[in-house]
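Colleague: Pasting a structure here, questions to come.
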Amino acid sequence: MQDNEILSRIKQLVSEEHELRTKLSEGTLGSDEENTRVRELEVALDQCWDLLRQRRARRSAGEDPDAAGVRPPGQVENYRQ
């Protein structure tokens, strides 16, 4: 996956998150449903951002950015920033 594809995916995920929050405020979606899906979106977003950072770091170090890979949720969710 190339950087522009990752950024496009991030935009899609953020857009879906906004839609869910709108549906919740309109009462067309239950809070349990919304919470579950938002949590899934947050994990996917963290994975995308992590992959993008890996690719940029590899590129800066003169390494192949395509060697970067998506890390498991447990790994990207436990980062300290």
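Numbering starts fresh at 1 for the residues of each chain in the structure tokens, the chains themselves are lettered A, B, ... in the order given, and ligands are numbered from 1 as they appear.
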Could you find all residues in chain A that DSSP calls helix (DSSP H, G or I) from the backbone, and write them as a PyMOL selection string?
Modeller: chain A and resi 3-26+31-60+65-67+73-76
Colleague: At a cut-off of 12 Å, using only C-alpha atoms, what residues contact stretch 36-46 of chain A? Leave out same-chain residues fewer than 5 positions from it and give the result as a VMD selection string.
Modeller: chain A and resid 6 to 21 24 29 to 31 51 to 53 70 to 79
Colleague: Could you tell me how far atom CA of A:Asn35 sits from atom CA of A:Asp3, in Å to one decimal place?
Modeller: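 So the two atoms, atom CA of A:Asp3 and atom CA of A:Asn35, lie 28.5 Å apart.
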